[in-house]
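Asks: File name entry.pdb; file contents PDB, C-alpha atoms; full text below.
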```
ATOM      1  CA  MET R  72      10.764  23.759  17.089
ATOM      2  CA  ARG R  73       9.792  24.423  13.479
ATOM      3  CA  ARG R  74      12.577  22.127  12.264
ATOM      4  CA  LEU R  75      11.425  19.312  14.527
ATOM      5  CA  LEU R  76       7.794  19.736  13.524
ATOM      6  CA  ALA R  77       8.863  19.711   9.889
ATOM      7  CA  ALA R  78      10.928  16.584  10.502
ATOM      8  CA  ALA R  79       7.946  14.966  12.193
ATOM      9  CA  ALA R  80       5.839  15.904   9.210
ATOM     10  CA  LEU R  81       8.156  13.786   7.077
ATOM     11  CA  LEU R  82       6.821  10.775   8.932
ATOM     12  CA  LEU R  83       3.796  11.013   6.730
ATOM     13  CA  ALA R  84       3.385   9.759   3.214
ATOM     14  CA  VAL R  85       1.480  10.270   0.011
ATOM     15  CA  CYS R  86       0.270   7.747  -2.543
ATOM     16  CA  SER R  87      -1.758   7.719  -5.746
ATOM     17  CA  VAL R  88      -5.332   7.765  -4.459
ATOM     18  CA  PRO R  89      -8.721   8.623  -5.937
ATOM     19  CA  ALA R  90      -9.127  12.397  -6.045
ATOM     20  CA  ASP R  91     -12.731  12.059  -4.906
ATOM     21  CA  VAL R  92     -11.995  10.404  -1.545
ATOM     22  CA  PHE R  93     -12.851  13.721   0.109
ATOM     23  CA  ASP R  94     -16.255  13.581  -1.578
ATOM     24  CA  ALA R  95     -17.057  10.506   0.528
ATOM     25  CA  PRO R  96     -17.701  11.605   4.133
ATOM     26  CA  LEU R  97     -18.151   8.907   6.750
ATOM     27  CA  THR R  98     -21.796   7.790   6.920
ATOM     28  CA  ALA R  99     -23.852   5.233   8.816
ATOM     29  CA  ALA R 100     -23.478   2.919   5.807
ATOM     30  CA  THR R 101     -19.655   3.051   5.841
ATOM     31  CA  ARG R 102     -19.063   3.319   9.589
ATOM     32  CA  ASP R 103     -18.797  -0.450  10.139
ATOM     33  CA  ASP R 104     -16.186  -0.765   7.375
ATOM     34  CA  PHE R 105     -14.271   2.180   8.840
ATOM     35  CA  SER R 106     -14.330   0.577  12.302
ATOM     36  CA  ALA R 107     -13.023  -2.664  10.802
ATOM     37  CA  VAL R 108     -10.111  -0.795   9.196
ATOM     38  CA  CYS R 109      -9.260   0.873  12.517
ATOM     39  CA  ALA R 110      -9.314  -2.536  14.194
ATOM     40  CA  THR R 111      -6.957  -3.865  11.506
ATOM     41  CA  LEU R 112      -4.522  -0.970  11.967
ATOM     42  CA  SER R 113      -4.421  -1.385  15.742
ATOM     43  CA  ALA R 114      -4.503  -5.190  15.867
ATOM     44  CA  HIS R 115      -0.762  -5.655  16.335
ATOM     45  CA  PRO R 116       1.194  -4.241  19.289
ATOM     46  CA  VAL R 117       4.331  -3.969  17.141
ATOM     47  CA  GLN R 118       4.861  -3.607  13.413
ATOM     48  CA  LYS R 119       7.976  -2.914  11.379
ATOM     49  CA  GLY R 120       9.206  -2.936   7.825
ATOM     50  CA  ASP R 121      10.859  -0.866   5.113
ATOM     51  CA  PHE R 122       9.800   2.473   3.672
ATOM     52  CA  THR R 123      10.507   4.647   0.664
ATOM     53  CA  GLN R 124       9.830   8.353   1.127
ATOM     54  CA  THR R 125       9.298  10.786  -1.738
ATOM     55  CA  LYS R 126       9.092  14.447  -0.817
ATOM     56  CA  HIS R 127       7.509  16.557  -3.579
ATOM     57  CA  ILE R 128       8.349  20.277  -3.569
ATOM     58  CA  ALA R 129       5.769  22.100  -5.660
ATOM     59  CA  LYS R 130       7.644  25.371  -6.252
ATOM     60  CA  LEU R 131      10.737  23.568  -7.514
ATOM     61  CA  ASN R 132       8.841  20.817  -9.324
ATOM     62  CA  ARG R 133      11.289  18.451  -7.654
ATOM     63  CA  ALA R 134      11.127  15.163  -5.765
ATOM     64  CA  LEU R 135      13.564  14.059  -3.044
ATOM     65  CA  VAL R 136      13.729  10.328  -2.331
ATOM     66  CA  SER R 137      14.983   8.569   0.794
ATOM     67  CA  SER R 138      14.543   5.102   2.268
ATOM     68  CA  GLY R 139      15.021   3.116   5.436
ATOM     69  CA  ALA R 140      13.244   1.072   8.087
ATOM     70  CA  TYR R 141      10.384   1.908  10.449
ATOM     71  CA  LEU R 142       9.146   0.554  13.771
ATOM     72  CA  ILE R 143       5.750   1.232  15.342
ATOM     73  CA  SER R 144       4.942   0.256  18.909
ATOM     74  CA  ARG R 145       1.356   0.821  19.986
ATOM     75  CA  ASP R 146       2.504   1.615  23.533
ATOM     76  CA  ASP R 147       5.797   3.404  22.873
ATOM     77  CA  GLY R 148       5.612   5.396  19.630
ATOM     78  CA  ILE R 149       7.272   5.390  16.213
ATOM     79  CA  VAL R 150      10.892   5.175  15.064
ATOM     80  CA  TRP R 151      12.004   6.050  11.517
ATOM     81  CA  GLN R 152      15.555   5.019  10.624
ATOM     82  CA  THR R 153      16.530   6.700   7.360
ATOM     83  CA  LYS R 154      19.425   4.867   5.689
ATOM     84  CA  LYS R 155      19.717   6.581   2.286
ATOM     85  CA  PRO R 156      20.831   9.086   1.180
ATOM     86  CA  PHE R 157      21.761  10.365   4.680
ATOM     87  CA  PRO R 158      21.454   8.267   7.856
ATOM     88  CA  SER R 159      19.287   9.674  10.647
ATOM     89  CA  VAL R 160      16.772   8.507  13.246
ATOM     90  CA  LEU R 161      13.476  10.213  14.100
ATOM     91  CA  THR R 162      11.581   9.025  17.184
ATOM     92  CA  VAL R 163       8.065  10.126  18.145
ATOM     93  CA  THR R 164       6.767   9.199  21.599
ATOM     94  CA  PRO R 165       3.929  10.589  23.749
ATOM     95  CA  SER R 166       6.473  12.757  25.574
ATOM     96  CA  ALA R 167       8.934  13.941  22.899
ATOM     97  CA  ILE R 168      10.084  14.094  19.298
ATOM     98  CA  THR R 169      13.770  13.228  19.002
ATOM     99  CA  GLN R 170      15.909  13.578  15.876
ATOM    100  CA  THR R 171      19.389  12.009  15.800
ATOM    101  CA  ALA R 172      21.790  12.773  12.945
ATOM    102  CA  ALA R 173      24.518  10.465  11.651
ATOM    103  CA  SER R 174      27.035  12.513  13.670
ATOM    104  CA  GLY R 175      25.172  11.598  16.864
ATOM    105  CA  LYS R 176      23.859  15.117  17.411
ATOM    106  CA  THR R 177      20.384  14.952  18.943
ATOM    107  CA  SER R 178      17.550  17.506  18.919
ATOM    108  CA  VAL R 179      14.587  17.060  21.240
ATOM    109  CA  LEU R 180      11.188  18.713  21.429
ATOM    110  CA  VAL R 181       9.495  17.912  24.759
ATOM    111  CA  ALA R 182       5.702  17.600  24.842
ATOM    112  CA  GLY R 183       5.163  19.921  27.773
ATOM    113  CA  SER R 184       6.993  22.766  26.042
ATOM    114  CA  ASN R 185       4.456  23.250  23.262
ATOM    115  CA  PRO R 186       0.754  22.331  22.926
ATOM    116  CA  THR R 187       1.090  22.107  19.129
ATOM    117  CA  PHE R 188       3.585  19.270  19.618
ATOM    118  CA  GLU R 189       1.108  17.329  21.735
ATOM    119  CA  SER R 190      -1.604  17.606  19.077
ATOM    120  CA  PHE R 191       0.732  16.861  16.192
ATOM    121  CA  SER R 192       2.536  13.899  17.736
ATOM    122  CA  GLY R 193      -0.785  12.455  18.880
ATOM    123  CA  ILE R 194      -2.148  12.660  15.349
ATOM    124  CA  ILE R 195       0.968  11.016  13.898
ATOM    125  CA  ARG R 196       0.610   8.109  16.298
ATOM    126  CA  SER R 197      -3.128   7.886  15.641
ATOM    127  CA  VAL R 198      -2.651   7.807  11.875
ATOM    128  CA  PHE R 199      -0.116   4.987  11.984
ATOM    129  CA  ALA R 200      -1.466   2.931  14.882
ATOM    130  CA  GLY R 201      -5.164   3.426  14.106
ATOM    131  CA  GLY R 202      -7.696   2.345  16.698
ATOM    132  CA  ASP R 203      -9.463   4.845  18.916
ATOM    133  CA  GLY R 204      -7.125   7.638  17.816
ATOM    134  CA  LEU R 205      -8.903   7.880  14.447
ATOM    135  CA  ASN R 206     -12.036   9.555  15.754
ATOM    136  CA  GLU R 207     -14.373  12.372  14.860
ATOM    137  CA  ARG R 208     -13.150  14.535  17.736
ATOM    138  CA  GLN R 209      -9.791  14.942  15.978
ATOM    139  CA  PHE R 210     -10.717  14.616  12.299
ATOM    140  CA  ASP R 211     -13.328  15.133   9.637
ATOM    141  CA  ILE R 212     -13.324  11.580   8.237
ATOM    142  CA  PHE R 213     -13.817  10.396   4.656
ATOM    143  CA  PHE R 214     -13.889   6.733   3.679
ATOM    144  CA  SER R 215     -14.316   4.542   0.616
ATOM    145  CA  ARG R 216     -13.812   0.841  -0.046
ATOM    146  CA  SER R 217     -13.460  -1.268  -3.186
ATOM    147  CA  ALA R 218     -13.209  -5.040  -2.747
ATOM    148  CA  ALA R 219     -10.269  -5.599  -0.364
ATOM    149  CA  ASP R 220      -8.794  -2.106  -0.827
ATOM    150  CA  TRP R 221      -9.750   0.885   1.277
ATOM    151  CA  THR R 222      -8.986   4.612   1.210
ATOM    152  CA  LEU R 223      -9.288   6.818   4.271
ATOM    153  CA  GLY R 224      -9.149  10.632   4.239
ATOM    154  CA  LEU R 225      -8.533  12.666   7.390
ATOM    155  CA  VAL R 226      -8.770  16.437   7.838
ATOM    156  CA  PRO R 227      -7.467  17.613  11.252
ATOM    157  CA  LYS R 228      -9.828  19.817  13.218
ATOM    158  CA  ASP R 229      -6.993  21.511  15.120
ATOM    159  CA  ASP R 230      -5.982  24.782  13.405
ATOM    160  CA  ALA R 231      -2.370  24.517  14.593
ATOM    161  CA  VAL R 232      -2.044  21.018  13.129
ATOM    162  CA  ARG R 233      -3.588  22.115   9.818
ATOM    163  CA  ALA R 234      -0.901  24.801   9.569
ATOM    164  CA  VAL R 235       1.590  21.912   9.212
ATOM    165  CA  ALA R 236      -0.569  19.160   7.685
ATOM    166  CA  GLN R 237      -3.767  20.082   5.872
ATOM    167  CA  ARG R 238      -5.039  16.570   5.249
ATOM    168  CA  PHE R 239      -4.003  12.913   5.282
ATOM    169  CA  VAL R 240      -4.874   9.990   3.030
ATOM    170  CA  LEU R 241      -4.290   6.377   4.042
ATOM    171  CA  THR R 242      -4.632   3.326   1.813
ATOM    172  CA  GLY R 243      -4.351  -0.352   2.608
ATOM    173  CA  GLU R 244      -5.649  -3.887   2.379
ATOM    174  CA  THR R 245      -4.902  -6.188   5.314
ATOM    175  CA  ALA R 246      -2.080  -3.820   6.324
ATOM    176  CA  LEU R 247      -1.340  -0.148   5.843
ATOM    177  CA  GLN R 248       0.236   0.427   2.429
ATOM    178  CA  SER R 249       0.697   4.208   2.422
ATOM    179  CA  VAL R 250      -0.157   7.418   4.244
ATOM    180  CA  THR R 251      -0.570  10.844   2.629
ATOM    181  CA  MET R 252       0.094  14.239   4.062
ATOM    182  CA  HIS R 253      -0.690  17.339   2.017
ATOM    183  CA  GLU R 254       1.152  20.397   3.296
ATOM    184  CA  PRO R 255       0.261  24.071   2.867
ATOM    185  CA  GLY R 256       1.597  25.426  -0.413
ATOM    186  CA  GLY R 257       0.993  22.299  -2.452
ATOM    187  CA  ASP R 258       3.888  20.163  -1.160
ATOM    188  CA  PHE R 259       3.308  16.563  -0.144
ATOM    189  CA  VAL R 260       5.250  13.572   1.130
ATOM    190  CA  ARG R 261       4.982   9.934   0.069
ATOM    191  CA  TYR R 262       5.875   6.892   2.124
ATOM    192  CA  GLU R 263       5.377   3.467   0.611
ATOM    193  CA  PHE R 264       5.691   0.436   2.869
ATOM    194  CA  ALA R 265       7.128  -3.023   2.214
ATOM    195  CA  ASN R 266       8.225  -6.171   4.042
ATOM    196  CA  GLN R 267       5.948  -5.553   7.019
ATOM    197  CA  THR R 268       6.168  -7.951   9.956
ATOM    198  CA  PHE R 269       4.191  -8.039  13.196
ATOM    199  CA  PRO R 270       6.245  -9.399  16.107
ATOM    200  CA  ALA R 271       4.563  -9.935  19.455
ATOM    201  CA  ALA R 272       6.903  -7.591  21.346
ATOM    202  CA  LEU R 273       9.901  -5.273  21.052
ATOM    203  CA  THR R 274      13.423  -6.586  21.447
ATOM    204  CA  ASP R 275      15.672  -5.006  24.074
ATOM    205  CA  ASP R 276      17.525  -3.086  21.353
ATOM    206  CA  GLU R 277      14.229  -1.781  19.958
ATOM    207  CA  LYS R 278      13.079  -0.689  23.413
ATOM    208  CA  ALA R 279      16.294   1.306  23.735
ATOM    209  CA  LEU R 280      15.406   3.295  20.601
ATOM    210  CA  PHE R 281      12.466   4.847  22.432
ATOM    211  CA  SER R 282      14.599   6.014  25.347
ATOM    212  CA  VAL R 283      17.109   8.057  23.323
ATOM    213  CA  ARG R 284      17.366  11.649  24.526
TER     214      ARG R 284
END
```
Written as structure tokens, that's how I'd like the structure from this file.
Replies:
Amino acid sequence: MRRLLAAAALLLAVCSVPADVFDAPLTAATRDDFSAVCATLSAHPVQKGDFTQTKHIAKLNRALVSSGAYLISRDDGIVWQTKKPFPSVLTVTPSAITQTAASGKTSVLVAGSNPTFESFSGIIRSVFAGGDGLNERQFDIFFSRSAADWTLGLVPKDDAVRAVAQRFVLTGETALQSVTMHEPGGDFVRYEFANQTFPAALTDDEKALFSVR
């Protein structure tokens, strides 16, 4: 379970963001802008593109870089297809987290087996799909905007989730550009997004990715 939760944590990214974003709690003055950002993030039923992930390990002062393609379906979940340096597929749905190695070996964590999974996978989907999932029941919310750019900080209220992910930072313009997860111990993960497209629906092959067990 710990390995799968850690793998799911690698769904989340870090970027260079203003250090003071967490000095800007959501207020009545910024709530409309925040709602507009959530609407932007959840406007498309499907989005896909390329990613570059940089995992920073504080104790080793080392960064590990990988890259691949991602697919987000508002109704089905998220698929991360890592291509370099080692192929693998990580799928997060409302019912399970599934990790498939290049050898074809599959590991599955089923939602009903652990309440921490349900909270964590729900937060992952909320962070990437936006909409009603980004709410003050789940997070302490911080928000700032400059011209077309926006920065959103999220601190999970669930203690079990914070044991894996202490806080998130999202940045974007008309689309999500990056997501930040800060882990306990000073580690963090960066995903940077490129070549995003927004098709109207999944292809049959893409639908099959969400049914892998």
Asks: Counting all atoms listed in the file, give me one row per residue of segment 195-239 of chain R with an atom at most 8 Å from an atom of segment 90-100 of chain R, showing the shortest contact pair and its distance in Å to one decimal, sorted by chain then residue number, as CSV.
Replies:
```
residue,atom,partner,partner_atom,distance
R:Asp211,CA,R:Pro96,CA,7.9
R:Ile212,CA,R:Leu97,CA,5.7
R:Phe213,CA,R:Pro96,CA,4.1
R:Phe214,CA,R:Leu97,CA,5.7
R:Ser215,CA,R:Ala95,CA,6.6
R:Thr222,CA,R:Val92,CA,7.1
R:Leu223,CA,R:Val92,CA,7.3
R:Gly224,CA,R:Phe93,CA,6.3
```
Asks: Go through segment 233-274 of chain R and flag each residue having an atom no more than 6 Å from segment 123-136 of chain R; for those, report the closest pair of atoms plus their distance in Å to one decimal, using all atoms listed in the file, ordered by chain and rising number, as CSV.
Replies:
```
residue,atom,partner,partner_atom,distance
R:Gly257,CA,R:Ala129,CA,5.8
R:Asp258,CA,R:Ile128,CA,5.1
R:Phe259,CA,R:His127,CA,5.4
R:Val260,CA,R:Lys126,CA,4.4
R:Arg261,CA,R:Thr125,CA,4.8
R:Tyr262,CA,R:Gln124,CA,4.3
R:Glu263,CA,R:Thr123,CA,5.3
```
Asks: When you count only C-alpha atoms, which of these residues is closest to Ala114 of chain R: R:Gln209, R:Ser137, R:Thr245, R:Ser282?
Replies: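 Smallest distance to Ala114 of chain R is found for R:Thr245.
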Asks: Calculated over all atoms listed in the file, which of the candidates R:Pro156, R:Ala219, R:Val226, R:Val150 has the smallest distance to Thr171 of chain R?
Replies: R:Val150
Asks: I need the residue nearest His115 of chain R from this list: R:Ser159, R:Gln152, R:Gln170, R:Ser144. Use all atoms listed in the file for the distance.
Replies: R:Ser144
Asks: Give the padded box for segment 270-277 of chain R as JSON: axis-aligned, covering all atoms listed in the file, 3 Å on each side, centre and edge lengths in Å to one decimal.
Replies:
```
{"center_x": 11.0, "center_y": -5.9, "center_z": 20.1, "size_x": 19.0, "size_y": 14.2, "size_z": 14.0}
```
Asks: Restricting the calculation to all atoms listed in the file, which member of R:Ser217, R:Gly201, R:Pro116, R:Arg238 is positioned closest to Thr101 of chain R?
Replies: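 Ranked by minimum distance to Thr101 of chain R, first place goes to R:Ser217.
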Asks: Can you complete the atoms of segment 134-163 of chain R to N, CA and C atoms and list them as a compact mmCIF listing (two decimals), keeping the file's coordinate frame?
Replies:
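So result23.txt came out as:
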```
# COMPACT_ATOMS: atom_id res chain seq x y z
N ALA R 134 11.41 16.22 -6.72
CA ALA R 134 11.13 15.16 -5.76
C ALA R 134 12.42 14.67 -5.12
N LEU R 135 12.42 14.56 -3.80
CA LEU R 135 13.56 14.06 -3.04
C LEU R 135 13.20 12.69 -2.47
N VAL R 136 14.05 11.70 -2.73
CA VAL R 136 13.73 10.33 -2.33
C VAL R 136 14.70 9.85 -1.26
N SER R 137 14.16 9.21 -0.22
CA SER R 137 14.98 8.57 0.79
C SER R 137 14.33 7.25 1.18
N SER R 138 15.08 6.42 1.90
CA SER R 138 14.54 5.10 2.27
C SER R 138 15.17 4.63 3.56
N GLY R 139 14.52 3.64 4.18
CA GLY R 139 15.02 3.12 5.44
C GLY R 139 14.07 2.11 6.04
N ALA R 140 14.08 2.03 7.36
CA ALA R 140 13.24 1.07 8.09
C ALA R 140 12.41 1.82 9.13
N TYR R 141 11.23 1.28 9.44
CA TYR R 141 10.38 1.91 10.45
C TYR R 141 9.97 0.88 11.49
N LEU R 142 9.59 1.38 12.66
CA LEU R 142 9.15 0.55 13.77
C LEU R 142 8.02 1.30 14.47
N ILE R 143 6.88 0.63 14.63
CA ILE R 143 5.75 1.23 15.34
C ILE R 143 5.39 0.35 16.52
N SER R 144 5.40 0.93 17.70
CA SER R 144 4.94 0.26 18.91
C SER R 144 3.70 0.96 19.41
N ARG R 145 2.62 0.22 19.56
CA ARG R 145 1.36 0.82 19.99
C ARG R 145 1.50 1.55 21.32
N ASP R 146 2.36 1.03 22.20
CA ASP R 146 2.50 1.62 23.53
C ASP R 146 3.61 2.66 23.62
N ASP R 147 4.60 2.57 22.71
CA ASP R 147 5.80 3.40 22.87
C ASP R 147 5.93 4.54 21.87
N GLY R 148 5.48 4.35 20.63
CA GLY R 148 5.61 5.40 19.63
C GLY R 148 6.12 4.86 18.31
N ILE R 149 6.83 5.71 17.57
CA ILE R 149 7.27 5.39 16.21
C ILE R 149 8.75 5.75 16.07
N VAL R 150 9.50 4.89 15.39
CA VAL R 150 10.89 5.18 15.06
C VAL R 150 11.07 5.04 13.56
N TRP R 151 11.66 6.08 12.94
CA TRP R 151 12.00 6.05 11.52
C TRP R 151 13.51 6.11 11.38
N GLN R 152 14.11 5.07 10.83
CA GLN R 152 15.56 5.02 10.62
C GLN R 152 15.85 5.21 9.13
N THR R 153 16.17 6.43 8.75
CA THR R 153 16.53 6.70 7.36
C THR R 153 17.95 6.20 7.10
N LYS R 154 18.12 5.43 6.02
CA LYS R 154 19.42 4.87 5.69
C LYS R 154 20.06 5.55 4.48
N LYS R 155 19.23 5.93 3.49
CA LYS R 155 19.72 6.58 2.29
C LYS R 155 18.85 7.80 1.99
N PRO R 156 19.41 8.90 1.49
CA PRO R 156 20.83 9.09 1.18
C PRO R 156 21.67 9.47 2.40
N PHE R 157 21.03 9.93 3.50
CA PHE R 157 21.76 10.36 4.68
C PHE R 157 21.18 9.69 5.91
N PRO R 158 21.97 8.95 6.68
CA PRO R 158 21.45 8.27 7.86
C PRO R 158 20.95 9.25 8.92
N SER R 159 19.82 8.92 9.52
CA SER R 159 19.29 9.67 10.65
C SER R 159 18.21 8.83 11.31
N VAL R 160 17.84 9.21 12.52
CA VAL R 160 16.77 8.51 13.25
C VAL R 160 15.81 9.55 13.79
N LEU R 161 14.51 9.33 13.57
CA LEU R 161 13.48 10.21 14.10
C LEU R 161 12.55 9.37 14.96
N THR R 162 12.40 9.77 16.23
CA THR R 162 11.58 9.02 17.18
C THR R 162 10.46 9.91 17.69
N VAL R 163 9.23 9.40 17.64
CA VAL R 163 8.06 10.13 18.14
C VAL R 163 7.44 9.31 19.26
```
